[in-house]
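Novice: Here it is, the structure, as structure tokens.
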2 protein chains.
Amino acid sequence: MKLKVKILKLQAGRPVSILHERTADKLSVNIDDRITITNGNKKIVSVVDIATGLLQKDEVAVSEEVIEALKLKEDDVVEINIAPHPESIYLIHKKLMCTPLNQFEFEKIISDIVKNALTGPEIAYFVSAIYKCGMSVKEIEYLIRAIVSSGNVIKLRGKVADKHSIGGVAGNRTTPIVISICAAAGLKMPKTSSRAITSAAGTADVIECLASVDFSIKEIKKIIKKNNACMVWGGSLGLAPADDKIIQIEKLMNLDPEPQLLASILSKKLSVDSKYVLIDIPYGRSAKVSEAQAVKLKDKFEKFGKSFKIDLRCILTDGSQPIGHGIGSVLEMKDVLAVLRQEQNRPPDLEKKSLLLAGKLFEMTGETEEGKGVEMAEKILKSGKAFKKFKKIIKSQKGSVSDSRLKLGEFSRDILSAKSGKITEINNRKINLIARILGSPTDKGAGIYLHKHCKEKVNKREILLTFYSESEEKLADAIKFYKKIHPVKIK
Amino acid sequence: MKLKVKILKLQAGRPVSILHERTADKLSVNIDDRITITNGNKKIVSVVDIATGLLQKDEVAVSEEVIEALKLKEDDVVEINIAPHPESIYLIHKKLMCTPLNQFEFEKIISDIVKNALTGPEIAYFVSAIYKCGMSVKEIEYLIRAIVSSGNVIKLRGKVADKHSIGGVAGNRTTPIVISICAAAGLKMPKTSSRAITSAAGTADVIECLASVDFSIKEIKKIIKKNNACMVWGGSLGLAPADDKIIQIEKLMNLDPEPQLLASILSKKLSVDSKYVLIDIPYGRSAKVSEAQAVKLKDKFEKFGKSFKIDLRCILTDGSQPIGHGIGSVLEMKDVLAVLRQEQNRPPDLEKKSLLLAGKLFEMTGETEEGKGVEMAEKILKSGKAFKKFKKIIKSQKGSVSDSRLKLGEFSRDILSAKSGKITEINNRKINLIARILGSPTDKGAGIYLHKHCKEKVNKREILLTFYSESEEKLADAIKFYKKIHPVKIK
């Protein structure tokens, strides 16, 4: 079918064509189907969107990606046809039938995901197939290799180390402290972090209170060269990009099939060329995994570490309640600074866990002997070297450590205990949910300050929590929701 | 987050909002995520699209659906937030865990599909769940009821009958003949058909060679009142609309889980209030099902007929090769007219099958006694009454039976037999594929004329097939492809 080109100033990140509803009917295509657009001897595959009002029946509106590929001008006439399915669709179908795939086949699927040749529903089928049929150890290895090779890789010299938490614990902001301690001792720590997905804040959100987190790979290399470390957002670097897209589709259904969890974490670590990887697996009530699941996961992770010839160790930690005082970007950064500055009111649980992780990394990398890591980490922290390193990294990332940047939400409310007793539970998931209602992660000053932790005694009408929000309405919503879900249990 | 409204002249069929890439990052949303847009006390949930170039960071571009719901003007400021997941997501998750769903739960999912509250990947998870876990007879019943009640229903008086083929056989265009015969005898036949999905033509595509097929329900009722029957496209009537959306997602992966096939056909028939339904199940090599599968399918269909208290019968027919001479819209309409006009060169297989189906419907509805249906149908066909009825229906559908409307593709090529012998196979799937390369179903004049059928003798260099196309390039592509896949086998 021949159609006239209408140019949209639309960069969709992938070739998109908008057809008139009637034209789409005629072609028997629907939203998210694929068509080929031919201009002379140039041809491109594009995903279909449908609209009326925007264009005439004999027109096709195309995104910048199409214009560039086909060198189009307004009113050029192009030939539109239904496109054949990409081969990877048959491979996903094969996996849906529970037939194992080989290295080449995973590479084909992953490369099509990265090229945007597969649509959301098709990636959902891929996730479903993994979920339905599981994956052998060999297949997970293939998948990881495919994901790493589909993206950029940062190569560094020296003892390149990384830490990662599987998540699930509110306020668990050890990363900035661990990175500062380890980098101060000379370890190379190319730390890329995510933003919050279901929690109140991700490390990238927290760092962003003081500095920029969005850099190019070239800029990151410079920052690392200067400071041994960086603390940036991994989202736009093109490291293991397929992983980001798969996670986005999984998130829709809250699916997190274990093979994909393993592949996701390992591919990120391999793409920054880490030789030493420490994985924090918090377990317990309201954490992501139980103790038994944590033990199994540790075993699997460590096996893959061997396959990929890296020194990968897992550490099981108490994830039964939030860590630190603050939940939410600004509040968590205040905790981090309190530890780095060794202030009186610093949260002891956050400090202890950070020292444990940093110490373990020192032992793994041979910076000190087994059993002496925590001591070494503590010395660096207490000496002020870690804080100095932190300030340098923040400066390299175009920021500065200034308390005036850490503004809490204008509206706040103390939540008082309804009775006297001992705190028996502070539910991570519920705390995160309330923080999100308060405005996290979008509003950096929104969040929750925990005055007490589990096993502490509390009197009737004593302050349990303080809520912060940038909007009165959100604050009211959060208080209403708090009364409904009771995140803190007292006996 | 507060953003300024930019108005797009875009009717997307569902509320769509386009955010700047950076703004989407800040909100932690991605393509196909949902946001709430609030304007004063009005609020709507919208799906996110992401673009750069089209708008500024502090702007949100919204589709007409959003503008209408929130009464927006250019530059109005709206509040944007991440939207909570619709409840049906948890129900799909439940089904993915293989927990059976009840009537209420299916209704929730189906209604969210119809309201566009679920995205493509989420519907893909629903299809995957059905595929992974199967469905009990009760669940299929719930699903059918949910699909029917989610859409429009056409209520008619009299003996409302319908025929349906599960498809898969090229050229199998019995519908216009069966409808004309049965309507001539007084049966009510509210026939809604689809366009081609994977075949060369659907009944709607074929009728469209002579008349319009796109009418409102009100218009259809008028057409039926006048002629006892219609032959229209079911796509835009809102009958069982959830089914269309589910099929679109299944198509991506060529998935057609049996529960969904049953639900799809039955919901369409129930939504036009058919009391007598005849289902044609063609079986055999290169058909959709084998004989054993056909027997099982018949059994299941007839069970559901009982559940829904309709007289539903299945007829197993030979689907091992194409039916009629022509494959492709114009060629198939020529076959239909040849039978209705009782021309010398009419395809005997198409006539015979049409009489069989019409006869069966006469027996089911009590128009004649068991065993005498074909005779009755034949009499009506030979008398010219069926053709007269056909012409009337076409006229009511704003068309006319005129051979000048049936133009074959300008470019054609005879395909000669490479050797002498007997034809042992004409592969339906391969024939359909070639017809699509020739330009079907978009180009009505494109298609294949079959000079011979299975078991017929053929001499070396005798004409086997004639290809028609509206483009020389497509003709050349089809010939190349023909030589590669050998759809006709001779021994």
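Residues are referred to by chain and number: the chain letter is A, B, ... according to the order shown in the structure tokens, the number counts from 1 in that chain, and ligands are numbered separately from 1 in the order shown.
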Mind dumping a table of every chain B residue within 6 Å of chain A, with the nearest atom pair and its distance in Å to one decimal, using only C-alpha atoms, sorted by chain and rising number, as a Markdown table?
Specialist:
| residue | atom | partner | partner_atom | distance |
| --- | --- | --- | --- | --- |
| B:Lys9 | CA | A:Leu54 | CA | 5.2 |
| B:Leu10 | CA | A:Leu54 | CA | 5.2 |
| B:Gln11 | CA | A:Ala51 | CA | 5.2 |
| B:Ala12 | CA | A:Ala51 | CA | 4.9 |
| B:Leu27 | CA | A:Thr442 | CA | 5.8 |
| B:Ala51 | CA | A:Ala12 | CA | 4.9 |
| B:Thr52 | CA | A:Gln11 | CA | 5.2 |
| B:Gly53 | CA | A:Lys9 | CA | 5.7 |
| B:Leu54 | CA | A:Lys9 | CA | 5.1 |
| B:Gly120 | CA | A:Pro121 | CA | 5.2 |
| B:Pro121 | CA | A:Pro121 | CA | 3.8 |
| B:Ala124 | CA | A:Pro121 | CA | 5.3 |
| B:Thr442 | CA | A:Leu27 | CA | 5.6 |
Novice: Just write the chosen residues, C-alpha atoms, as a short mmCIF file (atom, residue, chain, number, x, y, z; two decimals), in the first residue's frame.
Specialist:
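The result, written out as part-v7.cif:
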data_model
loop_
_atom_site.label_atom_id
_atom_site.label_comp_id
_atom_site.auth_asym_id
_atom_site.auth_seq_id
_atom_site.Cartn_x
_atom_site.Cartn_y
_atom_site.Cartn_z
CA LYS B 9 -4.76 15.89 17.78
CA LEU B 10 -4.48 12.20 18.52
CA GLN B 11 -7.35 9.82 19.06
CA ALA B 12 -5.55 6.76 20.26
CA LEU B 27 8.64 9.64 37.76
CA ALA B 51 9.28 10.97 23.48
CA THR B 52 11.88 13.64 23.12
CA GLY B 53 11.69 16.43 20.56
CA LEU B 54 7.91 16.63 20.71
CA GLY B 120 -0.45 -5.59 25.76
CA PRO B 121 2.16 -7.30 27.94
CA ALA B 124 0.05 -11.59 27.04
CA THR B 442 -4.73 -5.98 0.99
#
Novice: Using only C-alpha atoms, I'd like a table of the residues in range 239-353 of chain A that come within 9 Å of range 452-462 of chain A; for each, show the closest atom pair and its distance in Å rounded to one decimal, ordered by chain and ascending number, as CSV.
Specialist:
residue,atom,partner,partner_atom,distance
A:Gln321,CA,A:Cys454,CA,7.3
A:Pro322,CA,A:His453,CA,8.0
A:Ile323,CA,A:His453,CA,8.6
A:Gly324,CA,A:His453,CA,9.0
A:His325,CA,A:Lys452,CA,8.2
Novice: For the selection just defined, write its residues with C-alpha atoms to a file, as a compact mmCIF listing (two decimals), in the first residue's frame.
Specialist:
# COMPACT_ATOMS: atom_id res chain seq x y z
CA GLN A 321 12.99 -4.70 59.62
CA PRO A 322 14.10 -1.39 58.06
CA ILE A 323 17.70 -0.27 58.54
CA GLY A 324 18.70 3.22 59.67
CA HIS A 325 16.48 6.05 60.82
Novice: Apply DSSP to the backbone of this structure and, from range 390-456 of chain B, keep only the residues in alpha helix (DSSP H); write these as a ChimeraX atom specification.
Specialist: /B:390-396,428-438
Novice: Within 10 Å of Phe481 in chain A, counting only C-alpha atoms, which residues qualify if same-chain residues fewer than 5 places away don't, as a ChimeraX atom specification?
Specialist: /A:430,433-434,437,475-476,486-487
Novice: For Glu291 in chain A, please output as an mmCIF file with all heavy atoms, in the first residue's frame all residues within 9 Å (counting only C-alpha atoms; exclusion window: fewer than 5 positions along the same chain).
Specialist:
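Generated file (out-v7.cif):
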data_model
loop_
_atom_site.group_PDB
_atom_site.id
_atom_site.type_symbol
_atom_site.label_atom_id
_atom_site.label_comp_id
_atom_site.auth_asym_id
_atom_site.auth_seq_id
_atom_site.Cartn_x
_atom_site.Cartn_y
_atom_site.Cartn_z
ATOM 1 N N PRO A 282 19.420 -10.008 52.175
ATOM 2 C CA PRO A 282 18.682 -9.847 53.423
ATOM 3 C C PRO A 282 17.511 -10.829 53.453
ATOM 4 O O PRO A 282 16.799 -10.984 52.466
ATOM 5 C CB PRO A 282 18.159 -8.398 53.353
ATOM 6 C CG PRO A 282 18.805 -7.771 52.147
ATOM 7 C CD PRO A 282 19.167 -8.904 51.249
ATOM 8 N N TYR A 283 17.320 -11.485 54.592
ATOM 9 C CA TYR A 283 16.239 -12.463 54.691
ATOM 10 C C TYR A 283 15.400 -12.161 55.930
ATOM 11 O O TYR A 283 15.810 -11.399 56.817
ATOM 12 C CB TYR A 283 16.786 -13.895 54.759
ATOM 13 C CG TYR A 283 17.583 -14.151 56.017
ATOM 14 C CD1 TYR A 283 16.954 -14.629 57.177
ATOM 15 C CD2 TYR A 283 18.945 -13.894 56.061
ATOM 16 C CE1 TYR A 283 17.689 -14.818 58.353
ATOM 17 C CE2 TYR A 283 19.681 -14.087 57.218
ATOM 18 C CZ TYR A 283 19.037 -14.552 58.359
ATOM 19 O OH TYR A 283 19.731 -14.740 59.513
ATOM 20 N N GLY A 284 14.263 -12.781 56.000
ATOM 21 C CA GLY A 284 13.431 -12.618 57.197
ATOM 22 C C GLY A 284 12.025 -12.164 56.846
ATOM 23 O O GLY A 284 11.706 -11.923 55.690
ATOM 24 N N LYS A 296 19.641 -21.098 49.621
ATOM 25 C CA LYS A 296 19.632 -21.670 48.261
ATOM 26 C C LYS A 296 20.144 -20.676 47.232
ATOM 27 O O LYS A 296 20.892 -21.012 46.321
ATOM 28 C CB LYS A 296 18.200 -22.072 47.881
ATOM 29 C CG LYS A 296 17.826 -23.470 48.350
ATOM 30 C CD LYS A 296 16.504 -23.897 47.736
ATOM 31 C CE LYS A 296 15.856 -24.967 48.587
ATOM 32 N NZ LYS A 296 14.418 -25.067 48.342
ATOM 33 N N LEU A 316 24.530 -13.384 54.092
ATOM 34 C CA LEU A 316 23.132 -13.378 54.522
ATOM 35 C C LEU A 316 22.981 -12.408 55.691
ATOM 36 O O LEU A 316 23.700 -12.525 56.685
ATOM 37 C CB LEU A 316 22.694 -14.789 54.946
ATOM 38 C CG LEU A 316 22.152 -15.680 53.806
ATOM 39 C CD1 LEU A 316 23.110 -15.778 52.642
ATOM 40 C CD2 LEU A 316 21.769 -17.047 54.327
#
Novice: Quick check for you: according to DSSP on this backbone, which residues of range 253-413 of chain A are classed as strand (DSSP E)? Reply as a PyMOL selection string.
Specialist: chain A and resi 276-283+311-318+326-327+411-413
Novice: With N, CA, C and O atoms kept, could you save the residues just selected as a tab-separated table (two decimals), in the first residue's frame?
Specialist:
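Wrote out28.tsv, looks like this:
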chain	number	residue	atom	x	y	z
A	276	TYR	N	35.56	-8.96	41.83
A	276	TYR	CA	35.15	-9.33	43.19
A	276	TYR	C	33.74	-8.80	43.41
A	276	TYR	O	33.51	-7.60	43.30
A	277	VAL	N	32.82	-9.69	43.68
A	277	VAL	CA	31.43	-9.24	43.85
A	277	VAL	C	30.88	-9.78	45.17
A	277	VAL	O	30.92	-10.98	45.42
A	278	LEU	N	30.38	-8.87	45.98
A	278	LEU	CA	29.77	-9.27	47.25
A	278	LEU	C	28.27	-9.01	47.15
A	278	LEU	O	27.85	-7.88	46.88
A	279	ILE	N	27.49	-10.07	47.37
A	279	ILE	CA	26.04	-9.91	47.26
A	279	ILE	C	25.38	-10.04	48.63
A	279	ILE	O	25.56	-11.04	49.33
A	280	ASP	N	24.65	-9.01	48.98
A	280	ASP	CA	23.95	-8.95	50.27
A	280	ASP	C	22.56	-9.56	50.07
A	280	ASP	O	21.78	-9.07	49.25
A	281	ILE	N	22.26	-10.63	50.80
A	281	ILE	CA	20.93	-11.25	50.70
A	281	ILE	C	20.21	-11.08	52.03
A	281	ILE	O	20.36	-11.89	52.94
A	282	PRO	N	19.42	-10.01	52.17
A	282	PRO	CA	18.68	-9.85	53.42
A	282	PRO	C	17.51	-10.83	53.45
A	282	PRO	O	16.80	-10.98	52.47
A	283	TYR	N	17.32	-11.49	54.59
A	283	TYR	CA	16.24	-12.46	54.69
A	283	TYR	C	15.40	-12.16	55.93
A	283	TYR	O	15.81	-11.40	56.82
A	311	ASP	N	35.34	-13.81	41.66
A	311	ASP	CA	35.24	-14.15	43.07
A	311	ASP	C	33.94	-13.55	43.59
A	311	ASP	O	33.88	-12.37	43.94
A	312	LEU	N	32.91	-14.38	43.61
A	312	LEU	CA	31.59	-13.90	44.02
A	312	LEU	C	31.20	-14.55	45.33
A	312	LEU	O	31.22	-15.78	45.45
A	313	ARG	N	30.90	-13.73	46.33
A	313	ARG	CA	30.45	-14.30	47.61
A	313	ARG	C	29.15	-13.64	48.05
A	313	ARG	O	28.88	-12.49	47.71
A	314	CYS	N	28.37	-14.41	48.79
A	314	CYS	CA	27.10	-13.88	49.28
A	314	CYS	C	27.15	-13.78	50.79
A	314	CYS	O	27.77	-14.61	51.46
A	315	ILE	N	26.46	-12.79	51.31
A	315	ILE	CA	26.41	-12.63	52.75
A	315	ILE	C	24.93	-12.53	53.14
A	315	ILE	O	24.17	-11.77	52.54
A	316	LEU	N	24.53	-13.38	54.09
A	316	LEU	CA	23.13	-13.38	54.52
A	316	LEU	C	22.98	-12.41	55.69
A	316	LEU	O	23.70	-12.52	56.69
A	317	THR	N	22.07	-11.45	55.55
A	317	THR	CA	21.91	-10.44	56.60
A	317	THR	C	20.48	-10.39	57.10
A	317	THR	O	19.56	-10.85	56.43
A	318	ASP	N	20.32	-9.80	58.28
A	318	ASP	CA	18.98	-9.68	58.87
A	318	ASP	C	18.17	-8.65	58.10
A	318	ASP	O	18.48	-7.46	58.15
A	326	GLY	N	16.12	6.77	58.52
A	326	GLY	CA	15.33	7.40	57.48
A	326	GLY	C	14.96	6.48	56.33
A	326	GLY	O	15.74	5.61	55.92
A	327	ILE	N	13.75	6.68	55.80
A	327	ILE	CA	13.27	5.99	54.60
A	327	ILE	C	12.84	7.10	53.65
A	327	ILE	O	11.93	7.87	53.99
A	411	PHE	N	5.57	19.55	54.94
A	411	PHE	CA	4.49	19.07	55.81
A	411	PHE	C	4.94	17.81	56.55
A	411	PHE	O	5.43	16.87	55.94
A	412	SER	N	4.78	17.84	57.89
A	412	SER	CA	5.20	16.64	58.63
A	412	SER	C	4.20	16.33	59.73
A	412	SER	O	3.39	17.17	60.13
A	413	ARG	N	4.27	15.11	60.23
A	413	ARG	CA	3.36	14.71	61.29
A	413	ARG	C	4.02	13.60	62.11
A	413	ARG	O	4.56	12.63	61.55
Novice: Check the smallest atom-to-atom distance from each of B:Leu450, B:Ile426, B:Met376, B:Ile246 to Val169 in chain B using only C-alpha atoms, then report the winner.
Specialist: B:Ile426
Novice: Show me, as a list in words, the residues that have an atom within 8 Å of range 191-193 of chain B when counting only C-alpha atoms, minus same-chain residues fewer than 5 positions from it.
Specialist: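 The neighbour list is Asp162, Ile179, Gly202, Thr203, Ala204, Ala229, Cys230, Met231, Val232, Trp233, Gly234 and Gly235 of chain B.
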Novice: Can those selected residues be exported to a file as a PDB file, in the first residue's frame so that it contains N, CA, C and O atoms?
Specialist:
ATOM      1  N   ASP B 162     -26.570 -19.725  12.604  1.00  0.00           N
ATOM      2  CA  ASP B 162     -25.255 -19.240  12.201  1.00  0.00           C
ATOM      3  C   ASP B 162     -24.381 -20.421  11.820  1.00  0.00           C
ATOM      4  O   ASP B 162     -24.592 -21.535  12.293  1.00  0.00           O
ATOM      5  N   ILE B 179     -25.405 -18.676   3.430  1.00  0.00           N
ATOM      6  CA  ILE B 179     -26.274 -17.598   3.934  1.00  0.00           C
ATOM      7  C   ILE B 179     -27.399 -17.325   2.937  1.00  0.00           C
ATOM      8  O   ILE B 179     -28.571 -17.197   3.323  1.00  0.00           O
ATOM      9  N   GLY B 202     -10.568 -13.191   4.288  1.00  0.00           N
ATOM     10  CA  GLY B 202     -11.660 -13.562   5.174  1.00  0.00           C
ATOM     11  C   GLY B 202     -12.963 -13.279   4.446  1.00  0.00           C
ATOM     12  O   GLY B 202     -12.960 -12.590   3.420  1.00  0.00           O
ATOM     13  N   THR B 203     -14.086 -13.794   4.987  1.00  0.00           N
ATOM     14  CA  THR B 203     -15.365 -13.559   4.295  1.00  0.00           C
ATOM     15  C   THR B 203     -15.625 -12.059   4.133  1.00  0.00           C
ATOM     16  O   THR B 203     -16.111 -11.617   3.088  1.00  0.00           O
ATOM     17  N   ALA B 204     -15.277 -11.270   5.135  1.00  0.00           N
ATOM     18  CA  ALA B 204     -15.489  -9.821   5.031  1.00  0.00           C
ATOM     19  C   ALA B 204     -14.700  -9.226   3.869  1.00  0.00           C
ATOM     20  O   ALA B 204     -15.207  -8.378   3.131  1.00  0.00           O
ATOM     21  N   ALA B 229     -30.946 -11.679   6.451  1.00  0.00           N
ATOM     22  CA  ALA B 229     -29.523 -11.953   6.657  1.00  0.00           C
ATOM     23  C   ALA B 229     -28.668 -10.736   6.351  1.00  0.00           C
ATOM     24  O   ALA B 229     -29.124  -9.779   5.729  1.00  0.00           O
ATOM     25  N   CYS B 230     -27.437 -10.801   6.816  1.00  0.00           N
ATOM     26  CA  CYS B 230     -26.429  -9.816   6.429  1.00  0.00           C
ATOM     27  C   CYS B 230     -25.114 -10.554   6.292  1.00  0.00           C
ATOM     28  O   CYS B 230     -24.981 -11.702   6.729  1.00  0.00           O
ATOM     29  N   MET B 231     -24.143  -9.915   5.669  1.00  0.00           N
ATOM     30  CA  MET B 231     -22.791 -10.499   5.579  1.00  0.00           C
ATOM     31  C   MET B 231     -21.823  -9.346   5.813  1.00  0.00           C
ATOM     32  O   MET B 231     -21.352  -8.719   4.870  1.00  0.00           O
ATOM     33  N   VAL B 232     -21.568  -9.059   7.086  1.00  0.00           N
ATOM     34  CA  VAL B 232     -20.817  -7.858   7.439  1.00  0.00           C
ATOM     35  C   VAL B 232     -19.545  -8.193   8.203  1.00  0.00           C
ATOM     36  O   VAL B 232     -19.343  -9.336   8.634  1.00  0.00           O
ATOM     37  N   TRP B 233     -18.719  -7.175   8.371  1.00  0.00           N
ATOM     38  CA  TRP B 233     -17.493  -7.321   9.156  1.00  0.00           C
ATOM     39  C   TRP B 233     -17.838  -7.141  10.627  1.00  0.00           C
ATOM     40  O   TRP B 233     -18.513  -6.184  11.004  1.00  0.00           O
ATOM     41  N   GLY B 234     -17.391  -8.090  11.451  1.00  0.00           N
ATOM     42  CA  GLY B 234     -17.742  -8.025  12.866  1.00  0.00           C
ATOM     43  C   GLY B 234     -16.832  -7.133  13.685  1.00  0.00           C
ATOM     44  O   GLY B 234     -17.108  -6.854  14.850  1.00  0.00           O
ATOM     45  N   GLY B 235     -15.762  -6.643  13.051  1.00  0.00           N
ATOM     46  CA  GLY B 235     -14.679  -5.995  13.792  1.00  0.00           C
ATOM     47  C   GLY B 235     -15.047  -4.759  14.594  1.00  0.00           C
ATOM     48  O   GLY B 235     -14.517  -4.548  15.673  1.00  0.00           O
TER      49      GLY B 235
END
